[in-house]
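Dumped protein_8.txt below, it's compact mmCIF, C-alpha atoms and all ligand atoms:
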# COMPACT_ATOMS: atom_id res chain seq x y z
CA MET D 16 106.12 115.29 93.44
CA ILE D 17 104.87 115.95 96.97
CA LYS D 18 107.79 115.92 99.41
CA VAL D 19 106.82 114.02 102.55
CA ALA D 20 108.51 113.72 105.93
CA ILE D 21 107.39 111.08 108.42
CA VAL D 22 108.09 111.95 112.04
CA GLY D 23 108.05 108.92 114.32
CA SER D 24 108.57 106.71 111.27
CA THR D 25 109.82 103.73 113.29
CA GLY D 26 106.55 103.13 115.12
CA TYR D 27 103.75 100.95 113.77
CA THR D 28 101.76 103.74 112.16
CA GLY D 29 104.98 105.31 110.83
CA ALA D 30 105.95 102.02 109.18
CA GLU D 31 102.48 101.73 107.70
CA LEU D 32 102.86 105.24 106.25
CA VAL D 33 106.18 104.20 104.69
CA ARG D 34 104.68 100.98 103.28
CA LEU D 35 101.77 102.80 101.64
CA LEU D 36 103.51 106.05 100.63
CA SER D 37 106.44 104.28 99.00
CA HIS D 38 103.89 103.17 96.37
CA HIS D 39 102.20 106.55 96.00
CA PRO D 40 102.92 107.79 92.46
CA GLU D 41 102.87 111.49 93.45
CA VAL D 42 104.99 111.22 96.60
CA GLU D 43 108.68 111.38 97.38
CA ILE D 44 109.59 110.45 100.95
CA VAL D 45 112.37 112.89 101.87
CA ALA D 46 112.87 112.24 105.58
CA LEU D 47 112.17 109.62 108.23
CA THR D 48 112.73 110.51 111.86
CA SER D 49 113.28 108.34 114.89
CA GLN D 50 114.34 108.71 118.47
CA SER D 51 116.14 105.36 118.97
CA TYR D 52 117.47 104.53 115.46
CA VAL D 53 119.24 107.71 114.32
CA ASP D 54 121.63 107.07 111.37
CA GLN D 55 120.41 103.48 110.98
CA ALA D 56 119.11 102.41 107.56
CA TYR D 57 115.31 102.30 107.67
CA GLU D 58 115.27 98.84 106.12
CA GLU D 59 117.38 97.55 108.99
CA VAL D 60 114.65 98.68 111.39
CA TYR D 61 111.96 97.19 109.14
CA PRO D 62 113.45 94.43 106.94
CA SER D 63 109.93 93.86 105.57
CA LEU D 64 110.34 97.22 103.80
CA THR D 65 113.68 96.36 102.19
CA GLY D 66 114.05 98.11 98.85
CA GLN D 67 111.11 100.45 99.43
CA VAL D 68 112.98 103.53 100.75
CA GLY D 69 116.72 104.10 100.56
CA LEU D 70 116.83 106.39 103.60
CA SER D 71 118.37 106.32 107.03
CA CYS D 72 116.56 107.47 110.14
CA GLN D 73 117.39 110.96 111.27
CA ALA D 74 116.97 112.99 114.44
CA GLN D 75 114.24 115.58 114.71
CA ASP D 76 115.34 118.95 113.41
CA ILE D 77 111.98 120.62 113.21
CA GLU D 78 112.96 123.72 111.25
CA ALA D 79 115.12 121.87 108.70
CA LEU D 80 112.63 119.07 108.13
CA MET D 81 109.75 121.45 107.74
CA ASN D 82 111.82 123.38 105.23
CA GLU D 83 112.52 120.26 103.18
CA ALA D 84 108.99 118.82 103.10
CA ASP D 85 105.66 119.97 101.66
CA VAL D 86 103.75 117.94 104.21
CA VAL D 87 104.74 116.32 107.49
CA PHE D 88 103.04 113.29 109.01
CA LEU D 89 103.37 113.17 112.80
CA ALA D 90 103.23 109.61 114.15
CA LEU D 91 104.39 110.50 117.67
CA PRO D 92 103.06 109.74 121.13
CA HIS D 93 100.55 112.27 122.43
CA GLY D 94 101.83 115.61 123.62
CA LEU D 95 104.76 116.00 121.19
CA SER D 96 103.09 117.55 118.14
CA VAL D 97 102.79 121.19 119.15
CA PRO D 98 106.28 122.44 118.11
CA TRP D 99 105.78 120.82 114.69
CA ALA D 100 102.43 122.48 114.17
CA GLN D 101 103.84 125.85 115.26
CA GLU D 102 106.76 125.59 112.83
CA ALA D 103 104.43 124.47 110.04
CA TYR D 104 102.40 127.62 110.58
CA ARG D 105 105.53 129.73 110.50
CA GLN D 106 106.65 128.16 107.21
CA GLY D 107 103.20 127.79 105.64
CA LYS D 108 103.45 123.99 105.41
CA LYS D 109 100.85 121.29 106.00
CA VAL D 110 100.76 118.88 108.93
CA ILE D 111 98.78 115.67 109.39
CA ASP D 112 98.91 114.59 113.02
CA LEU D 113 98.08 110.95 113.77
CA GLY D 114 98.00 111.60 117.51
CA ALA D 115 95.37 113.34 119.60
CA ASP D 116 96.96 116.73 120.24
CA PHE D 117 94.67 118.63 117.86
CA ARG D 118 91.51 116.50 117.85
CA PHE D 119 89.58 118.47 120.47
CA ARG D 120 87.78 121.75 120.04
CA GLU D 121 87.77 122.44 123.78
CA VAL D 122 91.17 122.54 125.45
CA GLN D 123 89.58 121.59 128.75
CA THR D 124 88.35 118.27 127.31
CA TYR D 125 91.88 117.42 126.13
CA GLU D 126 93.43 118.40 129.44
CA ASN D 127 90.85 116.49 131.51
CA TRP D 128 91.11 113.25 129.56
CA TYR D 129 94.81 113.28 128.65
CA LYS D 130 95.83 114.61 132.07
CA THR D 131 98.31 117.00 130.53
CA LYS D 132 98.42 120.70 129.78
CA HIS D 133 97.99 121.70 126.14
CA GLU D 134 100.89 123.89 125.02
CA ALA D 135 99.11 125.65 122.15
CA PRO D 136 95.37 125.89 122.77
CA ASP D 137 95.14 128.69 120.20
CA LEU D 138 95.93 126.17 117.45
CA LEU D 139 92.96 123.92 118.29
CA SER D 140 90.55 126.12 116.38
CA GLN D 141 92.81 125.93 113.30
CA ALA D 142 92.76 122.13 113.17
CA VAL D 143 90.23 120.11 111.20
CA TYR D 144 89.08 116.70 112.40
CA GLY D 145 90.31 114.50 109.57
CA LEU D 146 87.46 112.11 108.91
CA PRO D 147 87.13 112.55 105.12
CA GLU D 148 83.70 110.98 104.78
CA LEU D 149 82.24 113.71 107.00
CA ASN D 150 84.67 116.62 106.71
CA ARG D 151 86.37 116.56 103.32
CA HIS D 152 85.39 120.12 102.40
CA LYS D 153 86.96 121.53 105.54
CA ILE D 154 90.02 119.28 105.21
CA ARG D 155 90.65 120.61 101.70
CA GLU D 156 91.01 124.16 103.05
CA SER D 157 93.07 123.29 106.13
CA VAL D 158 96.77 123.24 106.97
CA LEU D 159 96.54 121.21 110.19
CA VAL D 160 94.66 117.92 110.01
CA ALA D 161 93.93 116.03 113.24
CA ASN D 162 93.68 112.42 112.12
CA PRO D 163 91.01 110.61 114.19
CA GLY D 164 91.74 107.84 116.67
CA CYS D 165 91.19 104.26 115.53
CA TYR D 166 88.18 103.44 117.72
CA PRO D 167 86.53 106.81 116.94
CA THR D 168 86.96 106.19 113.19
CA ALA D 169 85.10 102.87 113.39
CA SER D 170 82.50 104.18 115.81
CA ILE D 171 81.69 107.52 114.17
CA LEU D 172 81.44 106.00 110.69
CA GLY D 173 79.07 103.36 112.09
CA LEU D 174 76.91 105.99 113.79
CA ALA D 175 76.83 108.89 111.32
CA PRO D 176 73.90 107.75 109.11
CA LEU D 177 71.81 106.88 112.18
CA LEU D 178 72.42 110.29 113.69
CA GLN D 179 71.75 112.19 110.52
CA ALA D 180 68.50 110.27 110.03
CA LYS D 181 67.57 111.13 113.65
CA VAL D 182 66.25 107.66 114.40
CA ILE D 183 68.04 106.97 117.70
CA ASN D 184 68.34 108.63 121.06
CA PRO D 185 71.87 110.17 121.06
CA LYS D 186 72.03 109.89 124.86
CA LYS D 187 71.55 106.13 124.94
CA ILE D 188 74.40 104.92 122.72
CA ILE D 189 76.57 101.98 123.77
CA ILE D 190 79.76 101.04 121.93
CA ASP D 191 81.50 97.76 122.56
CA ALA D 192 84.76 97.67 120.61
CA LYS D 193 87.58 95.20 120.09
CA SER D 194 91.11 95.92 118.91
CA GLY D 195 94.21 94.07 117.86
CA VAL D 196 97.35 94.66 119.87
CA SER D 197 99.10 96.84 117.23
CA GLY D 198 96.73 99.58 118.43
CA ALA D 199 99.02 99.95 121.42
CA GLY D 200 102.06 100.77 119.27
CA ARG D 201 105.48 99.15 119.01
CA SER D 202 107.07 100.18 122.27
CA ALA D 203 107.54 97.42 124.86
CA LYS D 204 104.66 97.19 127.32
CA LEU D 205 103.71 94.44 129.72
CA GLY D 206 100.15 94.32 128.39
CA SER D 207 101.36 93.73 124.82
CA LEU D 208 103.44 90.62 125.60
CA TYR D 209 102.45 87.40 123.82
CA GLY D 210 101.86 85.62 127.10
CA GLU D 211 99.47 88.34 128.24
CA VAL D 212 97.49 88.66 125.00
CA ASN D 213 97.42 85.16 123.54
CA GLU D 214 94.26 83.13 124.36
CA ASN D 215 92.97 86.07 126.34
CA VAL D 216 90.37 88.82 125.98
CA LYS D 217 90.02 91.75 128.34
CA ALA D 218 88.15 95.01 128.64
CA TYR D 219 90.23 98.04 129.54
CA GLY D 220 89.69 101.76 130.07
CA VAL D 221 86.12 100.97 131.10
CA ALA D 222 84.15 104.22 131.43
CA THR D 223 87.45 106.13 131.30
CA HIS D 224 88.91 105.60 127.81
CA ARG D 225 90.06 108.85 126.17
CA HIS D 226 88.29 108.01 122.92
CA THR D 227 84.93 108.50 124.67
CA PRO D 228 85.01 112.33 124.51
CA GLU D 229 86.38 112.22 120.96
CA ILE D 230 83.40 110.18 119.77
CA GLU D 231 80.99 112.34 121.80
CA GLN D 232 82.45 115.52 120.30
CA GLU D 233 81.97 114.34 116.73
CA ILE D 234 78.48 112.97 117.37
CA ALA D 235 77.49 116.30 118.90
CA ALA D 236 78.97 118.12 115.88
CA LEU D 237 76.90 115.96 113.53
CA LEU D 238 73.77 116.77 115.48
CA GLY D 239 74.64 120.46 115.82
CA MET D 240 74.63 120.10 119.63
CA GLU D 241 77.08 121.08 122.33
CA ALA D 242 79.52 118.26 123.14
CA GLU D 243 78.39 118.04 126.80
CA LYS D 244 74.88 117.11 125.67
CA VAL D 245 76.01 113.74 124.29
CA LYS D 246 77.07 110.98 126.67
CA LEU D 247 77.85 107.45 125.62
CA SER D 248 79.23 104.26 127.10
CA PHE D 249 82.36 103.08 125.32
CA THR D 250 84.15 99.87 126.28
CA PRO D 251 87.26 98.78 124.38
CA HIS D 252 88.62 95.23 124.51
CA LEU D 253 92.05 93.87 123.63
CA MET D 254 91.94 90.82 121.36
CA PRO D 255 94.61 88.20 120.62
CA MET D 256 95.17 89.47 117.07
CA THR D 257 97.62 91.83 115.43
CA ARG D 258 95.40 94.25 113.51
CA GLY D 259 91.79 95.22 113.28
CA ILE D 260 88.94 96.88 115.10
CA LEU D 261 85.39 95.66 115.35
CA SER D 262 83.05 98.19 116.87
CA THR D 263 79.57 97.01 117.85
CA ILE D 264 77.16 99.87 118.43
CA TYR D 265 73.78 99.72 120.15
CA GLY D 266 71.31 102.59 119.61
CA GLU D 267 67.86 102.93 121.09
CA LEU D 268 65.22 103.75 118.46
CA LEU D 269 63.13 106.81 119.25
CA GLU D 270 59.88 105.94 120.96
CA ASN D 271 57.05 105.05 118.55
CA LEU D 272 59.43 105.03 115.59
CA GLN D 273 58.94 102.02 113.33
CA ILE D 274 61.74 101.23 110.91
CA SER D 275 62.83 97.95 109.35
CA ALA D 276 66.37 96.71 108.79
CA VAL D 277 65.76 97.00 105.04
CA GLU D 278 64.81 100.68 105.37
CA LEU D 279 67.74 101.37 107.67
CA ARG D 280 70.19 99.65 105.33
CA GLN D 281 68.93 101.90 102.54
CA ILE D 282 69.65 104.95 104.72
CA TYR D 283 73.24 103.73 105.15
CA LYS D 284 73.64 102.96 101.45
CA ASP D 285 72.36 106.41 100.50
CA PHE D 286 74.57 108.14 103.08
CA TYR D 287 77.72 106.40 101.86
CA ASP D 288 76.63 106.18 98.22
CA LYS D 289 79.75 107.72 96.65
CA GLU D 290 82.30 106.64 99.26
CA PRO D 291 85.02 104.46 97.73
CA PHE D 292 86.09 102.91 101.04
CA ILE D 293 82.76 102.26 102.78
CA HIS D 294 80.82 99.07 102.15
CA ILE D 295 77.44 98.29 103.66
CA THR D 296 76.95 94.56 103.97
CA GLU D 297 73.76 92.72 103.06
CA GLU D 298 71.29 91.20 105.53
CA ASP D 299 72.85 88.62 107.85
CA GLN D 300 76.32 89.37 106.59
CA TRP D 301 78.41 90.66 109.48
CA PRO D 302 81.74 92.45 108.96
CA GLN D 303 84.94 90.73 109.98
CA THR D 304 88.21 92.48 110.82
CA LYS D 305 90.09 90.28 108.38
CA TRP D 306 88.08 91.67 105.46
CA CYS D 307 90.07 94.91 105.84
CA TYR D 308 93.43 93.51 106.99
CA GLY D 309 96.04 95.86 105.49
CA SER D 310 93.48 97.99 103.60
CA ASN D 311 91.72 101.34 103.96
CA HIS D 312 88.31 99.74 103.46
CA VAL D 313 85.50 99.85 106.02
CA PHE D 314 82.68 97.32 106.33
CA ILE D 315 79.44 98.18 108.09
CA GLY D 316 76.66 95.72 108.93
CA LEU D 317 73.41 96.54 110.69
CA THR D 318 70.01 95.36 111.78
CA VAL D 319 66.97 96.42 113.78
CA ASP D 320 66.03 94.21 116.71
CA PRO D 321 62.23 94.58 117.01
CA ARG D 322 62.19 92.78 120.39
CA THR D 323 64.37 95.41 122.10
CA HIS D 324 63.57 98.30 119.72
CA ARG D 325 67.33 98.74 119.22
CA VAL D 326 69.55 99.24 116.23
CA ILE D 327 72.73 97.16 116.18
CA VAL D 328 75.62 98.20 113.92
CA THR D 329 79.03 96.59 113.54
CA THR D 330 81.94 98.31 111.83
CA ALA D 331 85.24 96.67 110.88
CA ILE D 332 88.45 98.55 110.02
CA ASP D 333 92.19 97.99 110.11
CA ASN D 334 93.38 100.19 113.00
CA LEU D 335 96.72 100.91 111.31
CA VAL D 336 95.22 101.78 107.91
CA LYS D 337 91.75 103.41 107.98
CA GLY D 338 92.32 103.89 111.73
CA ALA D 339 95.64 105.72 111.21
CA ALA D 340 98.08 105.73 108.23
CA GLY D 341 95.60 105.06 105.41
CA GLN D 342 93.22 107.74 106.63
CA ALA D 343 96.17 110.13 106.97
CA ILE D 344 97.10 109.48 103.33
CA GLN D 345 93.46 109.92 102.30
CA ASN D 346 93.68 113.32 104.02
CA MET D 347 96.93 114.15 102.24
CA ASN D 348 95.29 113.29 98.90
CA ILE D 349 92.49 115.74 99.73
CA LEU D 350 94.94 118.47 100.78
CA PHE D 351 96.83 118.14 97.48
CA ASP D 352 93.74 117.79 95.30
CA LEU D 353 94.48 114.20 94.28
CA PRO D 354 91.94 111.37 93.97
CA GLU D 355 91.27 110.23 97.54
CA THR D 356 91.98 106.61 96.69
CA LYS D 357 95.56 107.20 95.43
CA ALA D 358 97.87 104.53 96.93
CA LEU D 359 94.92 103.15 98.90
CA GLU D 360 92.94 101.24 96.29
CA ARG D 361 94.08 97.77 97.24
CA PRO D 362 91.82 95.35 99.09
CA GLY D 363 92.89 93.61 102.28
CA ILE D 364 94.85 90.36 102.51
CA TRP D 365 92.85 87.17 102.88
CA PRO D 366 93.26 84.77 104.60
N1 LIG D 401 98.71 102.12 116.63
C1 LIG D 401 97.53 102.47 116.21
O1 LIG D 401 96.69 101.63 115.80
C2 LIG D 401 97.13 103.92 116.20
C3 LIG D 401 97.94 104.91 116.70
N2 LIG D 401 97.54 106.21 116.66
C4 LIG D 401 98.38 107.28 117.19
O2 LIG D 401 99.49 107.49 116.32
C5 LIG D 401 100.64 107.88 117.06
C6 LIG D 401 101.76 106.86 116.79
O3 LIG D 401 101.31 105.59 117.20
P1 LIG D 401 102.15 104.26 116.99
O4 LIG D 401 102.81 104.28 115.66
O5 LIG D 401 101.25 103.15 117.32
O6 LIG D 401 103.26 104.42 118.14
P2 LIG D 401 104.65 103.66 118.34
O7 LIG D 401 104.87 103.61 119.79
O8 LIG D 401 104.65 102.39 117.58
O9 LIG D 401 105.72 104.66 117.67
C7 LIG D 401 106.04 105.91 118.23
C8 LIG D 401 107.06 106.65 117.37
O10 LIG D 401 107.37 107.88 118.00
C9 LIG D 401 108.79 107.94 118.29
N3 LIG D 401 108.96 108.55 119.61
C10 LIG D 401 108.61 108.04 120.81
N4 LIG D 401 108.89 108.91 121.80
C11 LIG D 401 109.46 109.99 121.22
C12 LIG D 401 109.97 111.21 121.70
N5 LIG D 401 109.97 111.52 123.00
N6 LIG D 401 110.47 112.09 120.80
C13 LIG D 401 110.50 111.78 119.49
N7 LIG D 401 110.03 110.63 118.96
C14 LIG D 401 109.50 109.75 119.81
C15 LIG D 401 109.25 106.50 118.27
O11 LIG D 401 110.63 106.50 117.93
P3 LIG D 401 111.61 105.25 118.20
O12 LIG D 401 111.01 104.06 117.50
O13 LIG D 401 112.87 105.66 117.58
O14 LIG D 401 111.66 105.07 119.67
C16 LIG D 401 108.36 105.91 117.17
O15 LIG D 401 108.91 106.25 115.90
C17 LIG D 401 100.22 107.91 118.53
O16 LIG D 401 99.83 109.21 118.87
C18 LIG D 401 99.03 106.98 118.56
O17 LIG D 401 98.17 107.24 119.60
C19 LIG D 401 96.36 106.58 116.10
C20 LIG D 401 95.52 105.64 115.57
C21 LIG D 401 95.83 104.24 115.60
C1 LIG D 402 94.79 98.40 121.61
C2 LIG D 402 95.15 99.77 122.10
O1 LIG D 402 95.86 99.93 123.07
N1 LIG D 402 94.65 100.79 121.40
C3 LIG D 402 94.91 102.16 121.75
C4 LIG D 402 94.24 103.12 120.76
C5 LIG D 402 95.13 103.59 119.66
C6 LIG D 402 94.64 104.85 118.96
O2 LIG D 402 93.70 105.02 118.25
O3 LIG D 402 95.31 105.89 119.18
P1 LIG D 402 95.14 107.34 119.67
O4 LIG D 402 95.80 107.23 120.98
O5 LIG D 402 95.86 108.12 118.68
O6 LIG D 402 93.80 107.88 119.84
C7 LIG D 402 94.39 102.49 123.14
O7 LIG D 402 93.36 101.99 123.53
O8 LIG D 402 95.00 103.35 123.77

Now that the file is in, can you turn its structure into structure tokens?
Amino acid sequence: MIKVAIVGSTGYTGAELVRLLSHHPEVEIVALTSQSYVDQAYEEVYPSLTGQVGLSCQAQDIEALMNEADVVFLALPHGLSVPWAQEAYRQGKKVIDLGADFRFREVQTYENWYKTKHEAPDLLSQAVYGLPELNRHKIRESVLVANPGCYPTASILGLAPLLQAKVINPKKIIIDAKSGVSGAGRSAKLGSLYGEVNENVKAYGVATHRHTPEIEQEIAALLGMEAEKVKLSFTPHLMPMTRGILSTIYGELLENLQISAVELRQIYKDFYDKEPFIHITEEDQWPQTKWCYGSNHVFIGLTVDPRTHRVIVTTAIDNLVKGAAGQAIQNMNILFDLPETKALERPGIWP
């Protein structure tokens, strides 16, 4: 059995890791950490998980936990992962970080957008960006997996076939994305209150959201370009729903290029041909967030608008599953040479 520790287990992504991993046939959860609930039974913190794990929350003892586990999932706020990664290196263990501390290749990009100094820039080159559909070969060989952000997961998966086929101008991409409120985590925040979110929709982080450089970095990597050469407009919106991301992407077709929606759909189907979690919808069928509610599945719909000469793509994911915990488990399965779908096969809940 793979011994797993979940650090930050009492947050939303931590709880999603517990829910999914407690049904993983090759996994034993050996430790759950928390800051606020030390010594409290985990099922008291999450009664919905009663009977799934008979553990109490414990404080962070990095050395001891790393010693006990084969792999550690970090579900912590940004900026707290470095000591874990350093200890993992010392002990030769594997780390999957759900936060952003190891997602960037250039330390300057992280420091500019996260407005904080990186404590271990030397480790950035050791980390692999954990998007299995694009990077599984590198993930297999790695010890430090930087799990992507939720918006970047939806956006990059929606863009990758277009970029590889070189049909759009990579400098004219617009992404309009919507998220459920669980994307903001479980800690109390004014903007997450029912009265603020219910019957309301708002844009936030306009032209400043930290997922912009993450998406640009991965697009540039796909194109074999330097990250500074790609610039996109990314606007996230908060929706009155619990889970889900819908990312609508607009790409400008290269001048004089003629391509039909049928041809483009075939490009997507070929690109994701063997991917168990990616589903390309048929003409006039547009993905809905509820199709992936609670699952690791991704739905992508697309068309070509001949009037504007633009491609329009929409991608739906569950931010807590494919956008966080599910993808992290997919990465763990790769690291331990298991089928990628282990513990993740189930479809979403409908209605
Ligand atoms: N929510 C989402 O949809 C996604 C989140 N992520 C990323 O995953 C990470 C976790 O997110 P999420 O689960 O939403 O966050 P939450 O705010 O829900 O949970 C944070 C967890 O970290 C613990 N924690 C908070 N501060 C400290 C500290 N100073 N020292 C030790 N532990 C601490 C909390 O403990 P306690 O409960 O005891 O206070 C809790 O277990 C973040 O980096 C986030 O950006 C990535 C993709 C999607
Ligand atoms: C709705 C909401 O607030 N969403 C979060 C994104 C969560 C996420 O993907 O997390 P990372 O911070 O790990 O990149 C936000 O916009 O900050």

Contacts of ligand LIG 402 (chain D), 9 Å or closer, all atoms listed in the file, given as JSON, numbers by chain:
{"D": [90, 91, 92, 93, 113, 114, 115, 116, 162, 163, 164, 165, 166, 167, 168, 193, 194, 195, 196, 197, 198, 199, 200, 206, 207, 219, 220, 224, 225, 226, 229, 251, 252, 253, 254, 260, 334, 335, 338, 339]}

Pull the neighbourhood of (91.8, 90.0, 107.8) for me: all residues within 10 Å in file coordinates, counting all atoms listed in the file, as an MDAnalysis selection string.
chainID D and resid 256:259 303:310 331:333 363:366

If you keep C-alpha atoms, can you produce a file of those selected residues as a PDB file, keeping the file's coordinate frame?
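Dumped to selection00.pdb:
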ATOM      1  CA  MET D 256      95.170  89.470 117.070  1.00  0.00           C
ATOM      2  CA  THR D 257      97.620  91.830 115.430  1.00  0.00           C
ATOM      3  CA  ARG D 258      95.400  94.250 113.510  1.00  0.00           C
ATOM      4  CA  GLY D 259      91.790  95.220 113.280  1.00  0.00           C
ATOM      5  CA  GLN D 303      84.940  90.730 109.980  1.00  0.00           C
ATOM      6  CA  THR D 304      88.210  92.480 110.820  1.00  0.00           C
ATOM      7  CA  LYS D 305      90.090  90.280 108.380  1.00  0.00           C
ATOM      8  CA  TRP D 306      88.080  91.670 105.460  1.00  0.00           C
ATOM      9  CA  CYS D 307      90.070  94.910 105.840  1.00  0.00           C
ATOM     10  CA  TYR D 308      93.430  93.510 106.990  1.00  0.00           C
ATOM     11  CA  GLY D 309      96.040  95.860 105.490  1.00  0.00           C
ATOM     12  CA  SER D 310      93.480  97.990 103.600  1.00  0.00           C
ATOM     13  CA  ALA D 331      85.240  96.670 110.880  1.00  0.00           C
ATOM     14  CA  ILE D 332      88.450  98.550 110.020  1.00  0.00           C
ATOM     15  CA  ASP D 333      92.190  97.990 110.110  1.00  0.00           C
ATOM     16  CA  GLY D 363      92.890  93.610 102.280  1.00  0.00           C
ATOM     17  CA  ILE D 364      94.850  90.360 102.510  1.00  0.00           C
ATOM     18  CA  TRP D 365      92.850  87.170 102.880  1.00  0.00           C
ATOM     19  CA  PRO D 366      93.260  84.770 104.600  1.00  0.00           C
TER      20      PRO D 366
END

Residue nearest ligand LIG 401 (chain D) among D:Cys72, D:Ala135, D:Ala222, D:Leu64 (counting only C-alpha atoms and all ligand atoms)
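Of all the options, D:Cys72 lies closest to ligand LIG 401 (chain D).
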
As number ranges by chain, please: the residues near stretch 18-30 of chain D (cut-off 9 Å, all atoms listed in the file, same-chain neighbours under 5 positions excluded).
D: 35-36, 41-52, 57, 60-61, 64, 72, 75, 80-81, 83-92, 113, 197-198, 200-202, 335-336, 339-340

For atom C2 of ligand LIG 401 (chain D) and atom CA of D:Trp99, quote the distance in Å rounded to one decimal.
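Distance between the two atoms: 19.0 Å.
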
From the list D:Leu359, D:Val277, D:Ile230, D:Val245, the nearest residue to D:Phe292 using all atoms listed in the file is D:Leu359

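The residue that comes closest to D:Gly266, out of D:Ile154, D:Ala74, D:Ala169, D:Val328 and on the basis of only C-alpha atoms, is D:Val328.
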
Taking into account all atoms listed in the file, which residue in the set D:Leu247, D:Ala100, D:Val68, D:Ala161 is nearest to ligand LIG 401 (chain D)?
D:Ala161

Quick one: of D:Val97, D:Ile190, D:Ala203, D:Ile234, who's nearest to ligand LIG 401 (chain D), counting only C-alpha atoms and all ligand atoms?
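Using only C-alpha atoms and all ligand atoms, the shortest distance to ligand LIG 401 (chain D) belongs to D:Ala203.
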
Can you measure atom CA of D:Gly239 to atom CA of D:Pro176 for me? One decimal in Å is fine.
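Interatomic distance, atom CA of D:Gly239 to atom CA of D:Pro176: 14.4 Å.
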
Between atom O13 of ligand LIG 401 (chain D) and atom CA of D:Ala56, what is the spacing in Å?
12.2 Å

Excluding D:Ala242 and residues on its chain fewer than 5 positions from it, collect all residues at most 7 Å away from it, counting all atoms listed in the file, and give them as a list in words.
Glu231, Gln232 and Ala235 of chain D

Can you write out the residues you just picked, keeping C-alpha atoms, as a PDB file, in the coordinates of the input?
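Dumped everything to out.pdb:
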ATOM      1  CA  GLU D 231      80.990 112.340 121.800  1.00  0.00           C
ATOM      2  CA  GLN D 232      82.450 115.520 120.300  1.00  0.00           C
ATOM      3  CA  ALA D 235      77.490 116.300 118.900  1.00  0.00           C
TER       4      ALA D 235
END

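Of the listed residues D:Ser170, D:Gln342, D:Asn348, D:Thr124, the one whose atoms come nearest to ligand LIG 401 (chain D) is D:Gln342, with distances taken using all atoms listed in the file.
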
Need the shell around D:Trp301: protein/DNA/RNA residues with any atom at most 8 Å away, counting all atoms listed in the file. Skip same-chain ones fewer than 2 positions apart. Format as a ChimeraX atom specification?
/D:296,299,303,315-317,329

Near stretch 349-351 of chain D, counting all atoms listed in the file, which residues have an atom at most 12 Å away, once you skip same-chain residues fewer than 5 positions from it, shown as a ChimeraX atom specification?
/D:16-19,41-42,85-86,108-111,143,145-148,150-160,342-344,356-357
